[in-house]
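Okay, input-v7.txt now, which holds compact mmCIF, C-alpha atoms and all ligand atoms:
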```
# COMPACT_ATOMS: atom_id res chain seq x y z
CA MET L 1 85.02 94.65 133.79
CA HIS L 2 81.82 96.67 133.56
CA SER L 3 81.35 98.21 130.17
CA GLY L 4 81.45 101.97 130.41
CA LYS L 5 83.06 101.95 133.86
CA GLN L 6 85.36 104.85 134.57
CA TYR L 7 88.61 103.81 136.32
CA ASP L 8 91.18 105.85 138.15
CA VAL L 9 93.94 103.92 136.41
CA ALA L 10 94.21 101.40 133.55
CA VAL L 11 97.43 99.36 133.65
CA ILE L 12 98.31 97.87 130.26
CA GLY L 13 100.55 94.82 130.62
CA ALA L 14 100.37 92.13 133.30
CA GLY L 15 104.04 91.25 133.55
CA VAL L 16 105.83 91.65 136.85
CA PHE L 17 105.82 95.47 136.65
CA GLY L 18 102.16 95.74 135.62
CA VAL L 19 100.74 93.30 138.17
CA TRP L 20 102.61 94.94 141.05
CA ILE L 21 101.61 98.44 139.88
CA ALA L 22 97.96 97.34 139.71
CA TYR L 23 98.23 95.63 143.11
CA GLN L 24 99.79 98.66 144.83
CA LEU L 25 97.45 101.19 143.19
CA ASN L 26 94.48 99.17 144.42
CA ARG L 27 95.91 99.07 147.94
CA ALA L 28 96.28 102.84 147.76
CA GLY L 29 92.53 103.11 147.14
CA ARG L 30 92.46 103.54 143.36
CA SER L 31 90.00 101.79 141.06
CA VAL L 32 92.13 99.81 138.61
CA LEU L 33 91.70 97.96 135.33
CA LEU L 34 94.55 95.59 134.38
CA LEU L 35 94.81 94.45 130.74
CA ASP L 36 97.03 91.96 129.01
CA ALA L 37 97.12 90.77 125.41
CA TYR L 38 98.23 87.22 126.25
CA GLY L 39 97.71 86.84 130.01
CA PRO L 40 99.78 87.37 133.19
CA GLY L 41 103.21 85.69 132.96
CA ASN L 42 102.55 84.39 129.42
CA SER L 43 105.31 82.59 127.60
CA ARG L 44 106.19 85.55 125.33
CA ALA L 45 106.50 87.97 128.25
CA SER L 46 109.85 88.74 129.84
CA SER L 47 108.27 87.70 133.15
CA GLY L 48 107.06 84.39 131.70
CA GLY L 49 110.12 82.28 132.55
CA GLU L 50 110.24 79.54 135.15
CA SER L 51 112.54 81.32 137.62
CA ARG L 52 114.41 84.58 138.25
CA ILE L 53 117.29 85.46 140.57
CA MET L 54 116.40 87.52 143.65
CA ARG L 55 119.72 89.08 144.69
CA LEU L 56 120.37 92.21 146.71
CA GLY L 57 123.91 92.84 145.42
CA TYR L 58 124.32 95.54 142.76
CA GLY L 59 127.92 96.68 143.01
CA PRO L 60 127.96 100.33 144.13
CA ASP L 61 124.32 100.92 143.05
CA GLU L 62 122.71 101.24 146.46
CA ILE L 63 119.47 102.40 144.84
CA TYR L 64 118.94 98.90 143.41
CA THR L 65 120.17 97.12 146.53
CA ARG L 66 117.63 99.00 148.64
CA SER L 67 114.92 98.41 146.04
CA ALA L 68 115.67 94.67 146.02
CA GLN L 69 115.72 94.59 149.83
CA ARG L 70 112.29 96.26 150.01
CA SER L 71 110.98 94.05 147.23
CA LEU L 72 112.11 90.82 148.88
CA GLN L 73 110.17 91.82 151.98
CA LEU L 74 107.03 92.56 149.89
CA TRP L 75 107.33 89.37 147.84
CA GLN L 76 107.52 87.33 151.03
CA GLU L 77 104.57 89.16 152.60
CA LEU L 78 102.46 88.46 149.54
CA PHE L 79 103.53 84.82 149.30
CA ALA L 80 102.64 84.29 152.97
CA GLY L 81 99.00 84.81 151.99
CA VAL L 82 99.07 82.55 148.91
CA ALA L 83 98.08 78.88 149.02
CA SER L 84 100.66 77.35 146.68
CA PRO L 85 101.59 73.64 146.49
CA SER L 86 105.29 74.55 146.28
CA PRO L 87 107.22 77.66 147.37
CA LEU L 88 107.26 80.77 145.18
CA PHE L 89 110.57 81.86 146.71
CA HIS L 90 113.52 79.51 147.35
CA ARG L 91 116.19 80.91 149.65
CA THR L 92 119.09 79.29 147.81
CA GLY L 93 121.61 82.04 148.62
CA VAL L 94 123.49 83.82 145.83
CA LEU L 95 127.22 83.46 145.29
CA TRP L 96 129.18 86.13 143.37
CA LEU L 97 132.32 84.65 141.81
CA ALA L 98 135.08 87.27 141.95
CA ARG L 99 138.51 87.86 140.41
CA GLU L 100 141.47 89.67 141.88
CA PRO L 101 141.09 92.64 141.56
CA ASP L 102 137.30 92.85 141.26
CA ALA L 103 135.97 96.32 141.96
CA TYR L 104 132.33 95.37 141.28
CA CYS L 105 132.28 92.47 143.77
CA GLU L 106 134.16 94.58 146.37
CA ALA L 107 131.52 97.28 145.95
CA THR L 108 128.75 94.67 146.18
CA LEU L 109 130.08 93.48 149.52
CA ASN L 110 130.45 97.02 150.86
CA THR L 111 126.96 98.08 149.77
CA LEU L 112 125.36 94.96 151.24
CA LYS L 113 127.03 95.64 154.57
CA ARG L 114 126.09 99.33 154.48
CA VAL L 115 122.36 98.53 154.08
CA GLY L 116 122.48 95.87 156.80
CA ALA L 117 122.09 92.86 154.50
CA ARG L 118 123.88 89.65 155.46
CA ALA L 119 126.92 88.95 153.27
CA GLU L 120 130.06 86.84 153.63
CA ARG L 121 133.42 87.05 151.91
CA LEU L 122 134.66 83.55 150.98
CA THR L 123 138.23 82.66 150.07
CA ARG L 124 139.10 80.35 147.21
CA ASN L 125 139.82 77.55 149.72
CA GLU L 126 136.48 78.02 151.45
CA LEU L 127 134.71 77.92 148.08
CA GLY L 128 136.33 74.61 147.18
CA GLU L 129 135.36 73.08 150.52
CA ARG L 130 131.75 74.32 150.53
CA PHE L 131 130.89 73.81 146.87
CA PRO L 132 132.92 70.89 145.48
CA GLN L 133 130.49 70.61 142.51
CA LEU L 134 132.12 73.69 140.95
CA ASN L 135 135.58 74.14 139.52
CA PHE L 136 136.86 77.52 140.74
CA GLU L 137 139.59 77.92 138.13
CA ARG L 138 140.26 81.68 137.51
CA ILE L 139 138.15 82.54 140.61
CA ASP L 140 139.97 84.13 143.54
CA TRP L 141 137.20 84.80 146.06
CA ALA L 142 133.45 85.30 146.31
CA VAL L 143 130.63 87.19 148.01
CA PHE L 144 127.85 85.04 149.46
CA GLU L 145 124.38 86.49 150.09
CA PRO L 146 122.62 83.89 152.28
CA ASP L 147 119.17 85.53 152.21
CA ALA L 148 118.94 85.83 148.43
CA GLY L 149 117.49 83.17 146.16
CA VAL L 150 115.09 82.32 143.37
CA LEU L 151 111.60 83.59 142.57
CA MET L 152 109.33 81.23 140.63
CA ALA L 153 108.64 83.90 138.03
CA ARG L 154 105.59 82.90 136.03
CA ARG L 155 103.75 81.51 139.04
CA ALA L 156 104.70 84.54 141.14
CA VAL L 157 103.28 86.96 138.54
CA GLN L 158 100.08 84.93 138.39
CA ALA L 159 99.87 84.97 142.21
CA VAL L 160 100.17 88.79 142.29
CA ALA L 161 97.56 89.11 139.52
CA ALA L 162 95.20 86.82 141.43
CA ALA L 163 95.74 88.77 144.67
CA ALA L 164 95.09 92.05 142.86
CA ARG L 165 91.87 90.69 141.38
CA ALA L 166 90.76 89.29 144.74
CA ASN L 167 91.25 92.80 146.16
CA GLY L 168 89.04 94.36 143.48
CA VAL L 169 91.22 95.02 140.42
CA ASP L 170 89.29 94.31 137.21
CA TYR L 171 91.10 92.28 134.54
CA LEU L 172 90.61 92.19 130.79
CA GLU L 173 92.47 89.88 128.40
CA GLU L 174 92.61 92.10 125.33
CA ALA L 175 95.34 93.88 123.39
CA VAL L 176 95.64 97.62 123.16
CA ALA L 177 96.45 98.73 119.65
CA GLY L 178 99.61 100.78 119.21
CA PRO L 179 101.01 103.22 118.37
CA ILE L 180 99.48 105.35 121.11
CA THR L 181 99.11 108.99 120.14
CA SER L 182 96.42 110.20 122.51
CA ARG L 183 95.16 109.29 125.95
CA ASN L 184 91.96 107.77 124.53
CA LEU L 185 92.37 104.03 124.59
CA ARG L 186 90.66 101.28 122.64
CA THR L 187 91.49 97.59 122.45
CA THR L 188 91.95 95.75 119.15
CA SER L 189 88.49 94.22 119.61
CA GLY L 190 86.95 97.66 120.03
CA THR L 191 86.51 97.95 123.81
CA GLU L 192 86.86 101.57 124.90
CA ILE L 193 88.88 102.08 128.08
CA ALA L 194 87.95 105.03 130.25
CA ALA L 195 90.55 105.84 132.88
CA GLN L 196 92.03 108.99 134.35
CA HIS L 197 95.60 107.61 134.15
CA LEU L 198 97.07 105.06 131.75
CA VAL L 199 100.16 103.10 132.78
CA PHE L 200 101.92 101.26 129.95
CA ALA L 201 103.86 98.39 131.55
CA CYS L 202 104.40 96.54 128.30
CA GLY L 203 108.03 95.45 128.76
CA PRO L 204 109.60 94.57 125.38
CA TRP L 205 106.49 95.76 123.53
CA LEU L 206 106.97 99.40 124.61
CA PRO L 207 109.01 100.30 121.49
CA LYS L 208 106.15 99.04 119.28
CA ILE L 209 103.55 100.99 121.22
CA PHE L 210 105.56 104.22 121.35
CA PRO L 211 107.84 103.89 118.28
CA ASP L 212 108.82 107.57 117.97
CA LEU L 213 109.70 107.86 121.62
CA LEU L 214 111.14 104.45 122.49
CA ALA L 215 112.25 102.52 119.38
CA GLU L 216 115.80 103.78 119.86
CA ARG L 217 115.68 104.02 123.64
CA ILE L 218 114.67 100.42 124.45
CA HIS L 219 116.43 97.62 122.59
CA VAL L 220 114.89 94.18 122.76
CA THR L 221 117.45 91.37 122.64
CA ARG L 222 117.12 87.63 122.28
CA GLN L 223 118.27 85.67 125.37
CA GLU L 224 118.60 81.91 125.72
CA VAL L 225 118.24 79.78 128.83
CA PHE L 226 119.24 76.13 129.33
CA PHE L 227 118.10 73.58 131.92
CA VAL L 228 120.51 70.70 132.47
CA GLY L 229 119.49 67.29 133.81
CA THR L 230 121.21 66.34 137.08
CA PRO L 231 122.28 62.79 138.03
CA PRO L 232 119.49 60.59 139.49
CA GLY L 233 119.10 60.55 143.27
CA ASN L 234 121.76 63.26 143.61
CA ASN L 235 121.06 66.35 145.72
CA LEU L 236 124.38 68.08 145.06
CA PHE L 237 122.83 70.35 142.44
CA LYS L 238 119.94 71.44 144.65
CA ALA L 239 119.93 74.08 147.40
CA PRO L 240 121.28 74.19 150.06
CA HIS L 241 124.16 72.14 148.59
CA LEU L 242 124.47 74.43 145.58
CA PRO L 243 123.44 78.12 145.68
CA THR L 244 122.48 80.34 142.79
CA TRP L 245 125.68 81.85 141.39
CA VAL L 246 126.73 84.65 139.11
CA ASP L 247 129.99 84.87 137.19
CA PHE L 248 129.45 88.28 135.58
CA ASN L 249 133.09 88.50 134.52
CA ASP L 250 132.24 85.67 132.10
CA PHE L 251 128.61 86.87 131.51
CA VAL L 252 127.23 83.66 133.05
CA TYR L 253 124.68 82.95 135.78
CA ALA L 254 123.26 79.66 137.06
CA LEU L 255 120.56 78.40 139.40
CA PRO L 256 120.42 75.14 141.29
CA ASP L 257 117.78 72.55 140.41
CA VAL L 258 114.51 73.99 141.76
CA ASP L 259 111.16 72.19 141.46
CA GLY L 260 112.80 69.38 139.49
CA ARG L 261 113.32 71.52 136.36
CA GLY L 262 117.08 70.87 136.27
CA PHE L 263 120.17 73.03 136.83
CA LYS L 264 119.59 76.32 134.98
CA ILE L 265 122.34 78.20 133.18
CA ALA L 266 122.40 81.18 130.82
CA ILE L 267 124.78 83.55 129.12
CA ASP L 268 123.92 87.09 130.15
CA ALA L 269 125.52 88.89 127.16
CA HIS L 270 122.97 90.65 124.96
CA GLY L 271 121.90 88.69 121.88
CA PRO L 272 120.57 90.04 118.56
CA GLU L 273 117.41 92.18 118.28
CA PHE L 274 114.21 90.19 118.86
CA ASP L 275 110.49 90.60 118.16
CA PRO L 276 108.44 89.51 121.21
CA ASP L 277 105.33 88.68 119.14
CA HIS L 278 106.80 86.87 116.15
CA GLY L 279 110.31 85.76 117.17
CA GLN L 280 110.94 81.99 117.04
CA ARG L 281 111.82 80.65 120.46
CA ILE L 282 114.23 77.86 119.57
CA VAL L 283 117.76 78.05 120.98
CA SER L 284 120.77 78.49 118.66
CA ALA L 285 123.56 75.99 118.02
CA GLU L 286 126.06 78.74 118.83
CA LEU L 287 124.86 79.30 122.41
CA THR L 288 124.22 75.59 122.94
CA ASN L 289 127.91 75.01 122.22
CA ALA L 290 129.01 77.96 124.36
CA VAL L 291 127.03 76.65 127.34
CA ARG L 292 128.45 73.13 126.84
CA GLU L 293 131.98 74.54 126.85
CA TYR L 294 131.35 76.57 129.98
CA LEU L 295 129.80 73.57 131.78
CA ALA L 296 132.82 71.42 130.95
CA GLN L 297 135.05 73.98 132.56
CA ARG L 298 133.01 75.16 135.59
CA VAL L 299 130.62 72.25 136.35
CA PRO L 300 132.48 69.16 135.09
CA ALA L 301 129.96 66.67 136.55
CA LEU L 302 127.29 68.08 134.20
CA ALA L 303 129.51 68.38 131.13
CA ASN L 304 127.75 65.53 129.33
CA SER L 305 124.32 65.78 130.95
CA PRO L 306 121.37 66.33 128.62
CA PHE L 307 119.57 69.64 128.24
CA THR L 308 116.13 68.87 129.67
CA GLU L 309 114.51 72.17 128.66
CA THR L 310 115.47 75.34 126.83
CA ARG L 311 113.81 78.73 126.56
CA VAL L 312 114.20 81.86 124.48
CA CYS L 313 113.16 85.06 126.17
CA GLN L 314 114.08 88.73 125.66
CA TYR L 315 115.62 91.61 127.56
CA GLU L 316 114.25 95.13 127.09
CA ASN L 317 117.43 97.16 127.52
CA THR L 318 117.78 100.87 128.10
CA SER L 319 121.04 102.62 127.21
CA ASN L 320 122.31 102.47 130.80
CA GLY L 321 120.38 99.48 132.20
CA ASP L 322 118.27 101.73 134.43
CA PHE L 323 114.50 101.30 134.50
CA LEU L 324 112.19 103.70 132.69
CA LEU L 325 109.49 104.83 135.13
CA ASP L 326 108.28 108.20 134.00
CA ARG L 327 105.44 110.25 132.67
CA HIS L 328 105.04 110.45 128.89
CA PRO L 329 106.58 113.78 127.81
CA ALA L 330 103.64 114.77 125.56
CA LEU L 331 100.61 112.83 126.76
CA GLU L 332 99.49 114.05 130.13
CA ASN L 333 98.34 111.22 132.43
CA VAL L 334 100.16 108.55 130.39
CA TRP L 335 102.93 106.74 132.29
CA LEU L 336 105.71 104.49 131.02
CA ALA L 337 106.97 101.58 133.14
CA GLY L 338 109.59 99.27 131.68
CA GLY L 339 113.24 98.93 130.71
CA GLY L 340 113.82 95.99 133.09
CA SER L 341 117.12 95.43 131.21
CA GLY L 342 117.59 91.81 132.27
CA HIS L 343 117.39 92.50 136.01
CA GLY L 344 113.93 93.93 136.63
CA PHE L 345 111.94 90.97 137.87
CA LYS L 346 112.99 91.05 141.51
CA HIS L 347 112.07 94.76 141.74
CA GLY L 348 108.39 94.36 140.79
CA PRO L 349 107.08 95.24 144.28
CA ALA L 350 109.24 98.37 144.65
CA VAL L 351 108.37 99.46 141.10
CA GLY L 352 104.68 99.11 142.04
CA GLU L 353 105.19 101.35 145.07
CA TYR L 354 107.21 103.88 143.08
CA VAL L 355 104.70 104.28 140.25
CA THR L 356 101.79 104.45 142.71
CA ALA L 357 103.51 107.27 144.60
CA MET L 358 104.45 109.10 141.39
CA ILE L 359 100.84 109.06 140.19
CA ALA L 360 99.71 110.30 143.60
CA GLY L 361 102.37 113.03 143.45
CA THR L 362 103.69 111.99 146.86
CA ARG L 363 107.31 111.33 146.00
CA VAL L 364 110.20 113.00 144.28
CA ALA L 365 111.19 111.46 140.95
CA GLU L 366 114.39 109.43 140.89
CA PRO L 367 116.51 110.87 138.04
CA ARG L 368 117.87 107.44 137.11
CA PHE L 369 114.35 106.25 136.21
CA SER L 370 113.58 109.25 134.01
CA LEU L 371 113.14 109.27 130.25
CA ALA L 372 115.70 112.08 130.08
CA THR L 373 118.50 109.73 131.14
CA LYS L 374 117.71 107.19 128.40
CA GLU L 375 119.88 107.86 125.39
CA ARG L 376 118.81 107.11 121.86
CA VAL L 377 121.01 104.32 120.50
CA GLN L 378 120.74 103.42 116.81
CA GLU L 379 123.55 100.94 116.35
CA ARG L 380 123.38 98.45 119.17
CA LYS L 381 126.51 96.60 120.15
CA VAL L 382 126.09 92.81 120.43
CA TYR L 383 128.50 91.37 122.97
C1 LIG N 401 116.16 85.07 130.22
C2 LIG N 401 115.89 86.16 131.22
C3 LIG N 401 116.44 86.08 132.49
C4 LIG N 401 116.21 87.08 133.43
N1 LIG N 401 116.73 86.92 134.68
C5 LIG N 401 116.39 87.79 135.64
C6 LIG N 401 116.77 87.53 136.97
O1 LIG N 401 117.42 86.52 137.25
N2 LIG N 401 116.40 88.42 137.93
C7 LIG N 401 115.67 89.52 137.64
O2 LIG N 401 115.37 90.28 138.56
N3 LIG N 401 115.28 89.80 136.37
C8 LIG N 401 115.62 88.95 135.37
N4 LIG N 401 115.21 89.17 134.09
C9 LIG N 401 114.52 90.41 133.74
C10 LIG N 401 113.03 90.39 134.08
O3 LIG N 401 112.48 89.11 133.80
C11 LIG N 401 112.32 91.50 133.33
O4 LIG N 401 112.98 92.74 133.58
C12 LIG N 401 110.87 91.63 133.75
O5 LIG N 401 110.22 90.39 133.72
C13 LIG N 401 110.15 92.63 132.83
O6 LIG N 401 108.80 92.67 133.24
P1 LIG N 401 107.78 93.64 132.53
O7 LIG N 401 106.54 93.59 133.33
O8 LIG N 401 108.39 94.97 132.28
O9 LIG N 401 107.55 93.04 131.07
P2 LIG N 401 106.78 91.69 130.61
O10 LIG N 401 106.91 90.62 131.60
O11 LIG N 401 107.21 91.39 129.21
O12 LIG N 401 105.26 92.11 130.59
C14 LIG N 401 104.72 92.94 129.58
C15 LIG N 401 103.29 92.49 129.38
O13 LIG N 401 102.65 93.44 128.50
C16 LIG N 401 101.72 92.72 127.71
N5 LIG N 401 101.45 93.54 126.51
C17 LIG N 401 102.35 93.93 125.60
N6 LIG N 401 101.76 94.67 124.66
C18 LIG N 401 100.45 94.76 124.99
C19 LIG N 401 99.33 95.39 124.41
N7 LIG N 401 99.42 96.12 123.26
N8 LIG N 401 98.13 95.30 125.01
C20 LIG N 401 98.00 94.57 126.17
N9 LIG N 401 99.05 93.93 126.75
C21 LIG N 401 100.25 94.04 126.18
C22 LIG N 401 102.44 91.42 127.39
O14 LIG N 401 101.55 90.38 127.04
C23 LIG N 401 103.16 91.13 128.71
O15 LIG N 401 102.43 90.25 129.54
C24 LIG N 401 115.41 88.21 133.10
C25 LIG N 401 114.85 88.29 131.82
C26 LIG N 401 115.07 87.28 130.90
C27 LIG N 401 114.44 87.38 129.55
```
Turn this file's structure into structure tokens for me.
Ligand SMILES: Cc1cc2nc3c(=O)[nH]c(=O)nc-3n(C[C@H](O)[C@H](O)[C@H](O)COP(=O)(O)OP(=O)(O)OC[C@H]3O[C@@H](n4cnc5c(N)ncnc54)[C@H](O)[C@@H]3O)c2cc1C
Amino acid sequence: MHSGKQYDVAVIGAGVFGVWIAYQLNRAGRSVLLLDAYGPGNSRASSGGESRIMRLGYGPDEIYTRSAQRSLQLWQELFAGVASPSPLFHRTGVLWLAREPDAYCEATLNTLKRVGARAERLTRNELGERFPQLNFERIDWAVFEPDAGVLMARRAVQAVAAAARANGVDYLEEAVAGPITSRNLRTTSGTEIAAQHLVFACGPWLPKIFPDLLAERIHVTRQEVFFVGTPPGNNLFKAPHLPTWVDFNDFVYALPDVDGRGFKIAIDAHGPEFDPDHGQRIVSAELTNAVREYLAQRVPALANSPFTETRVCQYENTSNGDFLLDRHPALENVWLAGGGSGHGFKHGPAVGEYVTAMIAGTRVAEPRFSLATKERVQERKVY
């Protein structure tokens, strides 16, 4: 960064939203400064995990299915130009475990077909034959998305940041001091930032930076992730033998062993409120036991396998789970980009395109991404 340089846009936050916004703005011809307090894909960031599910299915919400479809294409285009020792996307397929009746999975299948995405309906018998590693008790059928898979999250964010920098985006590893009350920006070490537009893509930190506006509109919750060791010399828990799968009726999702990290499993229900700077990232006995119980039931071969790694991360939830991609209501030229709500990672590329077009004034705002649709919630339900 050149001291005193005037930028078209400063993007604060180099998580998946920020790096893709910076990348797309640069491609649209803007001069861009990207800042992060801890670095792209750092271990406190919501994007800092090992892996994230890249699915197209979203029940009846075609807006997210189309966004994921577009994003998958852009992720793959970017990865094609990256020299990486191991893939940044693994096409494991994603399996949706369904009950009878299951309106959400029915809608998922219909939406996938409507947008031209490949999707199969599997019967309980077919599931048992194809995936004998899993016990399908209480499952009646499933949707299989063969083109979906797993993004290597932290490395993918770093790859986008590196591509953006190679294209001319300047990067500064400094923290912006909140709360923000005017469009004049200064980092905690005193660097003044001069930019026509400011985009705050600070994920779970947004409520700290804009407390009056967002403290009750974005709730940050503690989420725990477990990696389970698989038997030696056994490929049954790797793709293509085992796909990624979601069992949202039981608030559980799981990923096959990718890159030798182990079989990954997590409970998707929202945990207690969490501070992304100071929260301790050690998993709880309560969720450790809950995961053990679930494994014993659904993946009996791993019931007694050791946990090889654990992680504590956080969701930044809006009242309705929709992203917040909007202009600040009082500060002209300040933009808010966040509210990933536990499903945002895959959409980074489409979010980058959306924010770039909004700043250019070349697209109509999507009401679901507006601040106006985000309710203030004081008492948050833990479930
Ligand atoms: C356990 C877990 C599992 C998930 N699974 C999936 C999944 O399978 N699929 C999926 O699509 N999504 C998933 N998500 C959601 C997804 O990871 C998030 O929605 C997404 O990563 C949010 O990205 P972000 O850029 O908004 O925020 P972040 O990644 O948190 O980035 C914000 C950045 O802002 C920086 N920052 C903050 N404050 C300042 C400041 N004052 N000055 C400078 N920099 C600052 C931080 O250092 C950070 O790097 C999951 C999330 C979690 C926690």
**Q.** Exercise: residues within 12 Å of coordinate (105.3, 111.1, 135.1), counting all atoms listed in the file, as an MDAnalysis selection string
**A.** chainID L and resid 197:200 324:337 354:367 369:372
Note to self: So that I can check the surroundings of L:Gly149, please list as a list in words every protein, DNA and RNA residue that reaches within 10 Å of it, counting only C-alpha atoms and ignoring chain neighbours fewer than 6 positions away.
What the structure shows: Arg52, Ile53, Met54, Arg55, Leu56, Leu72, Phe89, His90, Arg91, Thr92, Gly93, Val94, Leu95, Ala239, Pro243, Thr244, Trp245, Leu255 and Pro256 of chain L
Name each residue within 7 Å of ligand LIG 401 (chain N), counting all atoms listed in the file, as number ranges by chain. L: 12-18, 35-42, 44-48, 52-54, 174-178, 201-205, 209, 223-225, 312-315, 337-347
Counting only C-alpha atoms, closest pick from L:Val82, L:Ala98, L:Leu88, L:Ala28 relative to L:Arg154 is L:Leu88
Find the residues around stretch 160-166 of chain L up to 7 Å (all atoms listed in the file counted), leave out those fewer than 2 positions away in its own chain, and share them as an MDAnalysis selection string.
-> chainID L and resid 19:20 22:23 40 156:158 168:170
Can those selected residues be exported to a file as a PDB file, in the frame of the given file so that it contains C-alpha atoms?
```
ATOM      1  CA  VAL L  19     100.740  93.300 138.170  1.00  0.00           C
ATOM      2  CA  TRP L  20     102.610  94.940 141.050  1.00  0.00           C
ATOM      3  CA  ALA L  22      97.960  97.340 139.710  1.00  0.00           C
ATOM      4  CA  TYR L  23      98.230  95.630 143.110  1.00  0.00           C
ATOM      5  CA  PRO L  40      99.780  87.370 133.190  1.00  0.00           C
ATOM      6  CA  ALA L 156     104.700  84.540 141.140  1.00  0.00           C
ATOM      7  CA  VAL L 157     103.280  86.960 138.540  1.00  0.00           C
ATOM      8  CA  GLN L 158     100.080  84.930 138.390  1.00  0.00           C
ATOM      9  CA  GLY L 168      89.040  94.360 143.480  1.00  0.00           C
ATOM     10  CA  VAL L 169      91.220  95.020 140.420  1.00  0.00           C
ATOM     11  CA  ASP L 170      89.290  94.310 137.210  1.00  0.00           C
TER      12      ASP L 170
END
```
I'd like the contact shell of L:Asp61 - 10 Å cut-off, only C-alpha atoms, skipping same-chain residues fewer than 2 positions apart - returned as a PyMOL selection string.
chain L and resi 57-59+63-66+104+107-108+111
With distances taken over all atoms listed in the file, the candidate from L:Leu122, L:Leu33, L:Leu134, L:Ala83 nearest L:Pro300 is L:Leu134
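Of the residues under consideration (L:Glu353, L:Asp140, L:Glu145, L:Asp250), L:Glu353 shows the shortest atom-to-atom contact distance to L:Gln24 when counting all atoms listed in the file.
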Kindly complete stretch 359-363 of chain L to all heavy atoms; the output should be written as an mmCIF file, in the coordinates of the input.
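out_1.cif, freshly written:
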```cif
data_model
loop_
_atom_site.group_PDB
_atom_site.id
_atom_site.type_symbol
_atom_site.label_atom_id
_atom_site.label_comp_id
_atom_site.auth_asym_id
_atom_site.auth_seq_id
_atom_site.Cartn_x
_atom_site.Cartn_y
_atom_site.Cartn_z
ATOM 1 N N ILE L 359 102.171 108.653 140.676
ATOM 2 C CA ILE L 359 100.840 109.060 140.190
ATOM 3 C C ILE L 359 100.134 109.899 141.247
ATOM 4 O O ILE L 359 99.456 110.878 140.932
ATOM 5 C CB ILE L 359 100.013 107.806 139.798
ATOM 6 C CG1 ILE L 359 100.606 107.191 138.528
ATOM 7 C CG2 ILE L 359 98.546 108.165 139.588
ATOM 8 C CD1 ILE L 359 99.957 105.889 138.101
ATOM 9 N N ALA L 360 100.339 109.544 142.518
ATOM 10 C CA ALA L 360 99.710 110.300 143.600
ATOM 11 C C ALA L 360 100.410 111.644 143.823
ATOM 12 O O ALA L 360 99.900 112.496 144.549
ATOM 13 C CB ALA L 360 99.725 109.473 144.886
ATOM 14 N N GLY L 361 101.595 111.796 143.256
ATOM 15 C CA GLY L 361 102.370 113.030 143.450
ATOM 16 C C GLY L 361 102.959 113.128 144.836
ATOM 17 O O GLY L 361 103.226 114.222 145.333
ATOM 18 N N THR L 362 103.210 111.969 145.473
ATOM 19 C CA THR L 362 103.690 111.990 146.860
ATOM 20 C C THR L 362 105.177 111.671 146.967
ATOM 21 O O THR L 362 105.677 111.492 148.074
ATOM 22 C CB THR L 362 102.910 110.983 147.731
ATOM 23 O OG1 THR L 362 103.001 109.690 147.110
ATOM 24 C CG2 THR L 362 101.468 111.396 147.878
ATOM 25 N N ARG L 363 105.877 111.547 145.853
ATOM 26 C CA ARG L 363 107.310 111.330 146.000
ATOM 27 C C ARG L 363 108.090 112.060 144.892
ATOM 28 O O ARG L 363 107.546 112.374 143.835
ATOM 29 C CB ARG L 363 107.681 109.857 146.087
ATOM 30 C CG ARG L 363 107.662 109.059 144.834
ATOM 31 C CD ARG L 363 108.559 107.836 144.977
ATOM 32 N NE ARG L 363 109.969 108.189 144.889
ATOM 33 C CZ ARG L 363 110.975 107.407 145.220
ATOM 34 N NH1 ARG L 363 110.738 106.213 145.708
ATOM 35 N NH2 ARG L 363 112.224 107.791 145.088
#
```
